[in-house]
file protein17.pdb (PDB, C-alpha atoms (C1' of nucleotides))
ATOM      1  CA  MET A   1       0.000   0.000   0.000
ATOM      2  CA  PRO A   2       2.877   2.361  -0.567
ATOM      3  CA  GLU A   3       1.770   5.887  -1.280
ATOM      4  CA  THR A   4       5.415   6.705  -0.613
ATOM      5  CA  LEU A   5       7.789   8.270  -3.077
ATOM      6  CA  ALA A   6      10.719   6.272  -4.323
ATOM      7  CA  ARG A   7      13.871   7.130  -2.418
ATOM      8  CA  LEU A   8      15.447  10.125  -4.079
ATOM      9  CA  ALA A   9      19.127  10.744  -4.561
ATOM     10  CA  VAL A  10      21.495  12.587  -6.858
ATOM     11  CA  ARG A  11      23.930  10.977  -9.252
ATOM     12  CA  SER A  12      26.625  12.924 -10.971
ATOM     13  CA  GLN A  13      29.917  12.574 -12.742
ATOM     14  CA  PHE A  14      32.365  15.048 -14.146
ATOM     15  CA  TRP A  15      34.689  15.393 -17.106
ATOM     16  CA  LEU A  16      37.934  17.233 -17.514
ATOM     17  CA  MET A  17      37.754  19.676 -20.394
ATOM     18  CA  ALA A  18      40.638  20.923 -22.520
ATOM     19  CA  GLY A  19      39.291  24.153 -23.872
ATOM     20  CA  ASP A  20      35.844  23.253 -25.144
ATOM     21  CA  GLU A  21      36.718  19.652 -25.958
ATOM     22  CA  SER A  22      36.171  16.757 -23.610
ATOM     23  CA  LEU A  23      39.496  15.444 -22.373
ATOM     24  CA  ALA A  24      38.639  12.666 -19.960
ATOM     25  CA  GLY A  25      35.815  11.285 -17.860
ATOM     26  CA  PRO A  26      35.640   8.405 -15.418
ATOM     27  CA  GLY A  27      36.161   5.769 -18.108
ATOM     28  CA  ARG A  28      39.217   7.350 -19.656
ATOM     29  CA  ILE A  29      40.777   7.958 -16.258
ATOM     30  CA  GLU A  30      40.319   4.292 -15.431
ATOM     31  CA  LEU A  31      41.862   3.473 -18.785
ATOM     32  CA  LEU A  32      44.910   5.571 -17.934
ATOM     33  CA  ARG A  33      45.229   3.792 -14.603
ATOM     34  CA  THR A  34      45.013   0.391 -16.267
ATOM     35  CA  ILE A  35      47.589   1.342 -18.890
ATOM     36  CA  ASP A  36      49.849   2.393 -16.034
ATOM     37  CA  GLU A  37      49.405  -0.992 -14.387
ATOM     38  CA  THR A  38      49.725  -3.193 -17.454
ATOM     39  CA  GLY A  39      52.205  -1.158 -19.499
ATOM     40  CA  SER A  40      50.186  -1.827 -22.654
ATOM     41  CA  ILE A  41      47.206  -0.303 -24.420
ATOM     42  CA  ARG A  42      46.145  -3.725 -25.652
ATOM     43  CA  GLN A  43      46.290  -5.375 -22.247
ATOM     44  CA  ALA A  44      44.426  -2.451 -20.681
ATOM     45  CA  ALA A  45      41.689  -2.676 -23.311
ATOM     46  CA  LEU A  46      41.421  -6.422 -22.751
ATOM     47  CA  ARG A  47      41.127  -6.057 -18.991
ATOM     48  CA  MET A  48      38.505  -3.336 -19.301
ATOM     49  CA  GLY A  49      36.458  -5.292 -21.821
ATOM     50  CA  MET A  50      36.788  -2.750 -24.579
ATOM     51  CA  SER A  51      38.147  -2.992 -28.096
ATOM     52  CA  TYR A  52      41.769  -2.098 -28.776
ATOM     53  CA  ARG A  53      40.683   0.516 -31.242
ATOM     54  CA  ALA A  54      38.445   2.260 -28.731
ATOM     55  CA  ALA A  55      41.317   2.371 -26.252
ATOM     56  CA  TRP A  56      43.786   3.586 -28.861
ATOM     57  CA  ASP A  57      41.384   6.288 -30.053
ATOM     58  CA  ALA A  58      40.891   7.467 -26.487
ATOM     59  CA  VAL A  59      44.616   7.709 -25.833
ATOM     60  CA  ASP A  60      45.204   9.484 -29.121
ATOM     61  CA  ALA A  61      42.439  12.000 -28.477
ATOM     62  CA  MET A  62      43.734  12.755 -24.997
ATOM     63  CA  ASN A  63      47.287  13.265 -26.210
ATOM     64  CA  ARG A  64      46.136  15.569 -28.966
ATOM     65  CA  ARG A  65      43.746  17.638 -26.897
ATOM     66  CA  LEU A  66      46.007  18.328 -23.982
ATOM     67  CA  GLY A  67      49.168  20.239 -24.712
ATOM     68  CA  CYS A  68      51.453  17.433 -23.576
ATOM     69  CA  ASP A  69      51.352  13.679 -23.973
ATOM     70  CA  LEU A  70      49.714  11.657 -21.236
ATOM     71  CA  VAL A  71      50.861   8.354 -22.671
ATOM     72  CA  THR A  72      54.018   7.497 -24.589
ATOM     73  CA  ARG A  73      53.893   4.572 -26.952
ATOM     74  CA  LEU A  74      56.773   2.323 -27.990
ATOM     75  CA  THR A  75      56.620   0.154 -31.103
ATOM     76  CA  GLY A  76      58.665  -2.986 -31.517
ATOM     77  CA  GLY A  77      61.317  -4.377 -29.235
ATOM     78  CA  ARG A  78      61.586  -7.498 -27.190
ATOM     79  CA  SER A  79      58.083  -7.414 -25.794
ATOM     80  CA  GLY A  80      56.627  -5.928 -28.950
ATOM     81  CA  GLY A  81      56.429  -2.505 -27.481
ATOM     82  CA  GLY A  82      54.118  -0.947 -24.940
ATOM     83  CA  ALA A  83      52.766   2.220 -23.452
ATOM     84  CA  ARG A  84      53.670   4.196 -20.358
ATOM     85  CA  LEU A  85      52.115   7.069 -18.484
ATOM     86  CA  THR A  86      54.133  10.267 -18.602
ATOM     87  CA  GLU A  87      54.687  12.399 -15.518
ATOM     88  CA  CYS A  88      51.939  14.595 -16.923
ATOM     89  CA  GLY A  89      49.620  11.594 -17.053
ATOM     90  CA  GLN A  90      50.444  10.683 -13.466
ATOM     91  CA  ARG A  91      49.604  14.194 -12.346
ATOM     92  CA  LEU A  92      46.315  14.110 -14.205
ATOM     93  CA  ILE A  93      45.025  10.945 -12.590
ATOM     94  CA  ALA A  94      46.210  12.180  -9.203
ATOM     95  CA  ALA A  95      44.382  15.467  -9.711
ATOM     96  CA  TYR A  96      41.270  13.586 -10.838
ATOM     97  CA  ALA A  97      41.321  11.497  -7.663
ATOM     98  CA  ARG A  98      41.459  14.632  -5.513
ATOM     99  CA  LEU A  99      38.558  16.195  -7.398
ATOM    100  CA  GLU A 100      36.593  12.985  -7.103
ATOM    101  CA  GLN A 101      36.727  13.131  -3.325
ATOM    102  CA  ASP A 102      35.419  16.688  -3.339
ATOM    103  CA  HIS A 103      32.738  15.636  -5.760
ATOM    104  CA  GLN A 104      31.559  12.777  -3.579
ATOM    105  CA  ARG A 105      31.170  15.063  -0.590
ATOM    106  CA  HIS A 106      29.286  17.536  -2.731
ATOM    107  CA  LEU A 107      27.004  14.784  -3.968
ATOM    108  CA  ALA A 108      26.083  13.709  -0.481
ATOM    109  CA  ARG A 109      25.094  17.289   0.348
ATOM    110  CA  LEU A 110      23.003  17.524  -2.816
ATOM    111  CA  SER A 111      21.146  14.316  -2.047
ATOM    112  CA  ALA A 112      20.392  15.485   1.456
ATOM    113  CA  LYS A 113      19.107  18.793   0.163
ATOM    114  CA  LEU A 114      16.939  17.063  -2.414
ATOM    115  CA  GLN A 115      15.282  14.853   0.168
ATOM    116  CA  LYS A 116      14.685  17.872   2.348
ATOM    117  CA  LEU A 117      13.097  19.790  -0.526
ATOM    118  CA  MET A 118      10.886  16.930  -1.696
ATOM    119  CA  GLY A 119       9.869  15.780   1.736
TER     120      GLY A 119
ATOM    121  CA  MET B 120      55.503  28.208 -29.978
ATOM    122  CA  PRO B 121      53.178  27.206 -27.191
ATOM    123  CA  GLU B 122      54.493  24.545 -24.917
ATOM    124  CA  THR B 123      51.454  25.453 -22.835
ATOM    125  CA  LEU B 124      48.704  23.101 -21.813
ATOM    126  CA  ALA B 125      45.207  23.588 -23.150
ATOM    127  CA  ARG B 126      43.067  25.515 -20.693
ATOM    128  CA  LEU B 127      41.625  23.024 -18.246
ATOM    129  CA  ALA B 128      38.167  23.103 -16.731
ATOM    130  CA  VAL B 129      35.574  20.767 -15.277
ATOM    131  CA  ARG B 130      32.228  19.962 -16.812
ATOM    132  CA  SER B 131      29.545  18.128 -14.900
ATOM    133  CA  GLN B 132      25.862  17.444 -14.788
ATOM    134  CA  PHE B 133      23.647  15.586 -12.386
ATOM    135  CA  TRP B 134      20.631  13.344 -12.484
ATOM    136  CA  LEU B 135      17.876  12.757  -9.993
ATOM    137  CA  MET B 136      17.654   9.100  -9.080
ATOM    138  CA  ALA B 137      14.565   7.220  -7.894
ATOM    139  CA  GLY B 138      16.083   4.271  -6.111
ATOM    140  CA  ASP B 139      18.680   2.961  -8.533
ATOM    141  CA  GLU B 140      16.842   4.107 -11.640
ATOM    142  CA  SER B 141      17.470   7.386 -13.377
ATOM    143  CA  LEU B 142      14.514   9.696 -12.900
ATOM    144  CA  ALA B 143      15.497  12.917 -14.628
ATOM    145  CA  GLY B 144      18.463  14.852 -15.911
ATOM    146  CA  PRO B 145      18.788  18.274 -17.497
ATOM    147  CA  GLY B 146      16.897  17.288 -20.639
ATOM    148  CA  ARG B 147      13.917  15.786 -18.855
ATOM    149  CA  ILE B 148      13.686  18.742 -16.504
ATOM    150  CA  GLU B 149      13.566  21.078 -19.464
ATOM    151  CA  LEU B 150      10.910  18.843 -20.976
ATOM    152  CA  LEU B 151       8.806  19.166 -17.830
ATOM    153  CA  ARG B 152       9.177  22.937 -17.936
ATOM    154  CA  THR B 153       8.133  23.038 -21.584
ATOM    155  CA  ILE B 154       5.130  20.806 -20.929
ATOM    156  CA  ASP B 155       4.161  23.199 -18.173
ATOM    157  CA  GLU B 156       4.359  26.127 -20.588
ATOM    158  CA  THR B 157       2.626  24.535 -23.568
ATOM    159  CA  GLY B 158       0.126  22.273 -21.802
ATOM    160  CA  SER B 159       0.868  19.493 -24.274
ATOM    161  CA  ILE B 160       3.411  16.702 -24.641
ATOM    162  CA  ARG B 161       3.274  17.025 -28.397
ATOM    163  CA  GLN B 162       3.839  20.780 -28.450
ATOM    164  CA  ALA B 163       6.668  20.438 -25.946
ATOM    165  CA  ALA B 164       8.348  17.766 -28.062
ATOM    166  CA  LEU B 165       7.972  19.927 -31.150
ATOM    167  CA  ARG B 166       9.488  22.967 -29.470
ATOM    168  CA  MET B 167      12.400  20.958 -28.092
ATOM    169  CA  GLY B 168      13.111  19.310 -31.431
ATOM    170  CA  MET B 169      12.493  15.800 -30.185
ATOM    171  CA  SER B 170      10.071  13.108 -31.328
ATOM    172  CA  TYR B 171       6.706  12.771 -29.644
ATOM    173  CA  ARG B 172       7.560   9.206 -28.812
ATOM    174  CA  ALA B 173      10.757  10.180 -27.003
ATOM    175  CA  ALA B 174       8.858  12.789 -25.003
ATOM    176  CA  TRP B 175       6.029  10.407 -24.181
ATOM    177  CA  ASP B 176       8.466   7.684 -23.118
ATOM    178  CA  ALA B 177      10.268  10.144 -20.859
ATOM    179  CA  VAL B 178       7.064  11.270 -19.171
ATOM    180  CA  ASP B 179       5.861   7.703 -18.757
ATOM    181  CA  ALA B 180       9.179   6.587 -17.255
ATOM    182  CA  MET B 181       9.209   9.464 -14.796
ATOM    183  CA  ASN B 182       5.648   8.845 -13.689
ATOM    184  CA  ARG B 183       6.333   5.166 -13.176
ATOM    185  CA  ARG B 184       9.645   5.542 -11.384
ATOM    186  CA  LEU B 185       8.603   8.162  -8.911
ATOM    187  CA  GLY B 186       5.867   7.243  -6.498
ATOM    188  CA  CYS B 187       3.510   9.978  -7.695
ATOM    189  CA  ASP B 188       2.668  11.358 -11.102
ATOM    190  CA  LEU B 189       4.622  14.357 -12.302
ATOM    191  CA  VAL B 190       2.401  14.876 -15.329
ATOM    192  CA  THR B 191      -1.307  14.185 -15.748
ATOM    193  CA  ARG B 192      -2.573  13.479 -19.229
ATOM    194  CA  LEU B 193      -6.043  14.141 -20.610
ATOM    195  CA  THR B 194      -7.302  12.375 -23.720
ATOM    196  CA  GLY B 195     -10.001  13.794 -25.942
ATOM    197  CA  GLY B 196     -12.033  16.908 -25.362
ATOM    198  CA  ARG B 197     -12.324  20.209 -27.164
ATOM    199  CA  SER B 198      -8.638  20.713 -27.751
ATOM    200  CA  GLY B 199      -7.956  17.021 -28.155
ATOM    201  CA  GLY B 200      -6.521  16.688 -24.712
ATOM    202  CA  GLY B 201      -3.317  17.828 -23.112
ATOM    203  CA  ALA B 202      -0.912  17.401 -20.263
ATOM    204  CA  ARG B 203      -0.364  19.340 -17.053
ATOM    205  CA  LEU B 204       2.285  19.336 -14.378
ATOM    206  CA  THR B 205       1.084  18.134 -11.006
ATOM    207  CA  GLU B 206       1.995  19.907  -7.792
ATOM    208  CA  CYS B 207       4.562  17.150  -7.369
ATOM    209  CA  GLY B 208       6.036  18.003 -10.766
ATOM    210  CA  GLN B 209       6.220  21.681  -9.881
ATOM    211  CA  ARG B 210       8.089  20.864  -6.708
ATOM    212  CA  LEU B 211      10.528  18.679  -8.585
ATOM    213  CA  ILE B 212      11.559  21.300 -11.112
ATOM    214  CA  ALA B 213      11.801  23.867  -8.346
ATOM    215  CA  ALA B 214      14.036  21.551  -6.335
ATOM    216  CA  TYR B 215      16.162  20.864  -9.407
ATOM    217  CA  ALA B 216      16.690  24.593  -9.959
ATOM    218  CA  ARG B 217      17.920  24.993  -6.394
ATOM    219  CA  LEU B 218      20.312  22.077  -6.733
ATOM    220  CA  GLU B 219      21.545  23.450 -10.039
ATOM    221  CA  GLN B 220      22.693  26.661  -8.393
ATOM    222  CA  ASP B 221      24.627  24.717  -5.788
ATOM    223  CA  HIS B 222      26.108  22.583  -8.515
ATOM    224  CA  GLN B 223      27.323  25.573 -10.515
ATOM    225  CA  ARG B 224      29.139  26.989  -7.511
ATOM    226  CA  HIS B 225      30.674  23.602  -6.831
ATOM    227  CA  LEU B 226      31.838  23.361 -10.437
ATOM    228  CA  ALA B 227      33.610  26.684 -10.293
ATOM    229  CA  ARG B 228      35.506  25.502  -7.221
ATOM    230  CA  LEU B 229      36.444  22.237  -8.930
ATOM    231  CA  SER B 230      37.781  24.031 -12.000
ATOM    232  CA  ALA B 231      39.871  26.343  -9.867
ATOM    233  CA  LYS B 232      41.278  23.409  -7.940
ATOM    234  CA  LEU B 233      42.106  21.555 -11.129
ATOM    235  CA  GLN B 234      44.054  24.449 -12.562
ATOM    236  CA  LYS B 235      45.915  24.786  -9.289
ATOM    237  CA  LEU B 236      46.794  21.087  -9.274
ATOM    238  CA  MET B 237      47.914  20.944 -12.896
ATOM    239  CA  GLY B 238      49.792  24.227 -12.905
TER     240      GLY B 238
ATOM    241  C1'  DA C 239     -23.265  12.644 -36.090
ATOM    242  C1'  DA C 240     -19.022  14.447 -37.750
ATOM    243  C1'  DG C 241     -14.634  16.845 -36.978
ATOM    244  C1'  DC C 242     -10.652  17.923 -34.551
ATOM    245  C1'  DG C 243      -6.157  17.541 -32.062
ATOM    246  C1'  DT C 244      -4.380  15.213 -28.588
ATOM    247  C1'  DT C 245      -2.904  10.868 -26.058
ATOM    248  C1'  DG C 246      -1.500   6.054 -26.529
ATOM    249  C1'  DT C 247       0.844   2.120 -29.083
ATOM    250  C1'  DT C 248       2.993  -0.637 -32.530
ATOM    251  C1'  DC C 249       6.221  -1.463 -36.134
ATOM    252  C1'  DC C 250       9.873  -0.741 -39.549
ATOM    253  C1'  DG C 251      13.932   1.536 -41.432
ATOM    254  C1'  DC C 252      17.904   3.996 -40.904
ATOM    255  C1'  DA C 253      22.046   6.112 -39.344
ATOM    256  C1'  DG C 254      25.615   6.426 -36.421
ATOM    257  C1'  DT C 255      28.502   3.806 -33.397
ATOM    258  C1'  DA C 256      31.062   0.120 -31.794
ATOM    259  C1'  DT C 257      33.091  -4.187 -32.708
ATOM    260  C1'  DA C 258      35.521  -7.537 -35.258
ATOM    261  C1'  DT C 259      38.854  -8.601 -38.794
ATOM    262  C1'  DA C 260      42.936  -7.943 -41.542
ATOM    263  C1'  DT C 261      47.400  -6.084 -42.386
ATOM    264  C1'  DA C 262      51.670  -3.363 -42.106
ATOM    265  C1'  DA C 263      55.572  -1.641 -39.372
ATOM    266  C1'  DC C 264      58.585  -1.963 -35.719
ATOM    267  C1'  DG C 265      62.642  -3.534 -32.988
ATOM    268  C1'  DC C 266      64.634  -6.700 -29.776
ATOM    269  C1'  DA C 267      65.956 -11.638 -28.859
ATOM    270  C1'  DA C 268      67.245 -16.077 -29.963
TER     271       DA C 268
ATOM    272  C1'  DT D 269      67.092 -14.195 -40.235
ATOM    273  C1'  DT D 270      63.077 -15.595 -38.081
ATOM    274  C1'  DG D 271      59.675 -15.056 -34.450
ATOM    275  C1'  DC D 272      57.103 -12.454 -31.366
ATOM    276  C1'  DG D 273      53.759  -9.099 -29.368
ATOM    277  C1'  DT D 274      52.865  -4.684 -29.635
ATOM    278  C1'  DT D 275      51.574  -0.201 -31.925
ATOM    279  C1'  DA D 276      49.206   1.729 -35.872
ATOM    280  C1'  DT D 277      45.627   1.839 -39.457
ATOM    281  C1'  DA D 278      42.059   0.613 -42.822
ATOM    282  C1'  DT D 279      38.033  -1.931 -44.001
ATOM    283  C1'  DA D 280      33.952  -4.546 -43.252
ATOM    284  C1'  DT D 281      30.383  -6.103 -40.293
ATOM    285  C1'  DA D 282      27.009  -6.158 -36.471
ATOM    286  C1'  DC D 283      24.282  -3.783 -33.294
ATOM    287  C1'  DT D 284      21.378  -0.696 -31.017
ATOM    288  C1'  DG D 285      18.915   3.267 -30.180
ATOM    289  C1'  DC D 286      16.006   6.761 -32.305
ATOM    290  C1'  DG D 287      12.826   8.761 -35.522
ATOM    291  C1'  DG D 288       9.031   8.633 -38.384
ATOM    292  C1'  DA D 289       4.907   6.617 -40.151
ATOM    293  C1'  DA D 290       0.746   4.664 -39.229
ATOM    294  C1'  DC D 291      -3.371   3.902 -36.661
ATOM    295  C1'  DA D 292      -6.839   3.422 -32.729
ATOM    296  C1'  DA D 293      -9.211   5.780 -28.819
ATOM    297  C1'  DC D 294     -10.989   9.612 -26.630
ATOM    298  C1'  DG D 295     -14.250  13.428 -25.621
ATOM    299  C1'  DC D 296     -15.623  18.109 -26.301
ATOM    300  C1'  DT D 297     -17.699  21.258 -29.914
ATOM    301  C1'  DT D 298     -20.389  22.394 -33.540
TER     302       DT D 298
END
call {"tool": "encode", "arguments": {"input": "protein17.pdb", "output": "structure tokens"}}
result
Amino acid sequence: MPETLARLAVRSQFWLMAGDESLAGPGRIELLRTIDETGSIRQAALRMGMSYRAAWDAVDAMNRRLGCDLVTRLTGGRSGGGARLTECGQRLIAAYARLEQDHQRHLARLSAKLQKLMG
Amino acid sequence: MPETLARLAVRSQFWLMAGDESLAGPGRIELLRTIDETGSIRQAALRMGMSYRAAWDAVDAMNRRLGCDLVTRLTGGRSGGGARLTECGQRLIAAYARLEQDHQRHLARLSAKLQKLMG
DNA sequence: AAGCGTTGTTCCGCAGTATATATAACGCAA
DNA sequence: TTGCGTTATATATACTGCGGAACAACGCTT
């Protein structure tokens, strides 16, 4: 007999913008982290369940849109090559993590306010 | 000869959740406002450049997911029928506007922090 | 009784996107 | 020199969401 409203909350995510172009959101940040762990675009794509091309496109777009490379790629060599996060890339994912904490706190406040407003 | 980074900023939007289902985001809120102004789902869809079906689906989903109706629909009659926002719907768009202000302020802080972190 | 414009509902086609496949280039190691 | 696993790139294929068309129902007005 519920004449009660469904429980209300607020969901939100954020994206880093380079100028007016989207640089990275949650997915791309996770991709950067996974590339850092695996040392390979292909392995990162595999682990995240995405196609290699999608991962490569994402990395390429990020490198182009930001002024400096986030990921350096090496072709050939003993292990076939690989990819590594630059110092700039490390800073970006660190900065994102800091912002994410702020964002979570903000979200909790928004949800509380919403419930207060809607009774 | 810019070795400078592209100007960084943060973009974000939020959605109202009913339980674990998405209730409304910016687009659906604007749809509710337009329905309120035009008194018709069809006219609102037309003005917003979306298909009637998309608008109808959105209204139906919102009504089902929240405990109470946001929009009441009338079939037939002199003008063919129409749609009106309930008091519950009015409260929701009002609440969303309040949250949006908070969110904008939050976003400005996030952007400032990002620029500080990335130099 | 007929007309009108809306709500309500189904179905098909299309376009844009993502995925899969294929292939070349690379450079170190054995 | 051959093999390997990766980066890099082009092409073809599959998928999925969305729009548009089509049609019934409704109820007030004339």
call {"tool": "residues_around", "arguments": {"input": "protein17.pdb", "residues": "Leu5 in chain A", "least_positions_apart": "4", "cutoff": "9 Å", "atoms": "all atoms listed in the file", "output": "mmCIF file with C-alpha atoms, in the coordinates of the input"}}
result
data_model
loop_
_atom_site.group_PDB
_atom_site.id
_atom_site.type_symbol
_atom_site.label_atom_id
_atom_site.label_comp_id
_atom_site.auth_asym_id
_atom_site.auth_seq_id
_atom_site.Cartn_x
_atom_site.Cartn_y
_atom_site.Cartn_z
ATOM 1 C CA ALA B 137 14.565 7.220 -7.894
ATOM 2 C CA ARG B 184 9.645 5.542 -11.384
ATOM 3 C CA LEU B 185 8.603 8.162 -8.911
ATOM 4 C CA GLY B 186 5.867 7.243 -6.498
ATOM 5 C CA CYS B 187 3.510 9.978 -7.695
#
call {"tool": "residues_around", "arguments": {"input": "protein17.pdb", "residues": "Ile93 in chain A", "least_positions_apart": "2", "cutoff": "12 Å", "atoms": "only C-alpha atoms (C1' of nucleotides)", "output": "PyMOL selection string"}}
result
(chain A and resi 16+24-36+70-71+85-91+95-100) or (chain B and resi 233+236-237)
call {"tool": "write_last_selection", "arguments": {"input": "protein17.pdb", "atoms": "C-alpha atoms", "output": "mmCIF file, keeping the file's coordinate frame"}}
result
data_model
loop_
_atom_site.group_PDB
_atom_site.id
_atom_site.type_symbol
_atom_site.label_atom_id
_atom_site.label_comp_id
_atom_site.auth_asym_id
_atom_site.auth_seq_id
_atom_site.Cartn_x
_atom_site.Cartn_y
_atom_site.Cartn_z
ATOM 1 C CA LEU A 16 37.934 17.233 -17.514
ATOM 2 C CA ALA A 24 38.639 12.666 -19.960
ATOM 3 C CA GLY A 25 35.815 11.285 -17.860
ATOM 4 C CA PRO A 26 35.640 8.405 -15.418
ATOM 5 C CA GLY A 27 36.161 5.769 -18.108
ATOM 6 C CA ARG A 28 39.217 7.350 -19.656
ATOM 7 C CA ILE A 29 40.777 7.958 -16.258
ATOM 8 C CA GLU A 30 40.319 4.292 -15.431
ATOM 9 C CA LEU A 31 41.862 3.473 -18.785
ATOM 10 C CA LEU A 32 44.910 5.571 -17.934
ATOM 11 C CA ARG A 33 45.229 3.792 -14.603
ATOM 12 C CA THR A 34 45.013 0.391 -16.267
ATOM 13 C CA ILE A 35 47.589 1.342 -18.890
ATOM 14 C CA ASP A 36 49.849 2.393 -16.034
ATOM 15 C CA LEU A 70 49.714 11.657 -21.236
ATOM 16 C CA VAL A 71 50.861 8.354 -22.671
ATOM 17 C CA LEU A 85 52.115 7.069 -18.484
ATOM 18 C CA THR A 86 54.133 10.267 -18.602
ATOM 19 C CA GLU A 87 54.687 12.399 -15.518
ATOM 20 C CA CYS A 88 51.939 14.595 -16.923
ATOM 21 C CA GLY A 89 49.620 11.594 -17.053
ATOM 22 C CA GLN A 90 50.444 10.683 -13.466
ATOM 23 C CA ARG A 91 49.604 14.194 -12.346
ATOM 24 C CA ALA A 95 44.382 15.467 -9.711
ATOM 25 C CA TYR A 96 41.270 13.586 -10.838
ATOM 26 C CA ALA A 97 41.321 11.497 -7.663
ATOM 27 C CA ARG A 98 41.459 14.632 -5.513
ATOM 28 C CA LEU A 99 38.558 16.195 -7.398
ATOM 29 C CA GLU A 100 36.593 12.985 -7.103
ATOM 30 C CA LEU B 233 42.106 21.555 -11.129
ATOM 31 C CA LEU B 236 46.794 21.087 -9.274
ATOM 32 C CA MET B 237 47.914 20.944 -12.896
#
call {"tool": "atom_distance", "arguments": {"input": "protein17.pdb", "atom1": "CA of Thr38 in chain A", "atom2": "CA of Thr75 in chain A"}}
result
15.7 Å
call {"tool": "closest_atom_pairs", "arguments": {"input": "protein17.pdb", "of": "chain D", "to": "chain B", "cutoff": "12 Å", "atoms": "all atoms listed in the file", "output": "tab-separated table"}}
result
residue	atom	partner	partner_atom	distance
D:DG285	C1'	B:Ala173	CA	11.2
D:DC286	C1'	B:Ala173	CA	8.2
D:DG287	C1'	B:Ser170	CA	6.6
D:DG288	C1'	B:Ser170	CA	8.4
D:DA289	C1'	B:Arg172	CA	11.9
D:DA293	C1'	B:Gly195	CA	8.6
D:DC294	C1'	B:Gly195	CA	4.4
D:DG295	C1'	B:Gly196	CA	4.1
D:DC296	C1'	B:Gly196	CA	3.9
D:DT297	C1'	B:Arg197	CA	6.1
D:DT298	C1'	B:Arg197	CA	10.5
call {"tool": "resolve_selection", "arguments": {"input": "protein17.pdb", "expression": "the PyMOL selection byres ((chain A and resi 9) around 6)", "output": "PyMOL selection string"}}
result
(chain A and resi 8+10+111) or (chain B and resi 135-136)
call {"tool": "resolve_selection", "arguments": {"input": "protein17.pdb", "expression": "the PyMOL selection byres ((chain C) within 8 of (chain A))", "output": "list in words"}}
result
DT257, DC264, DG265, DC266 and DA267 of chain C
call {"tool": "atom_distance", "arguments": {"input": "protein17.pdb", "atom1": "CA of Gly119 in chain A", "atom2": "CA of Ser131 in chain B"}}
result
25.9 Å
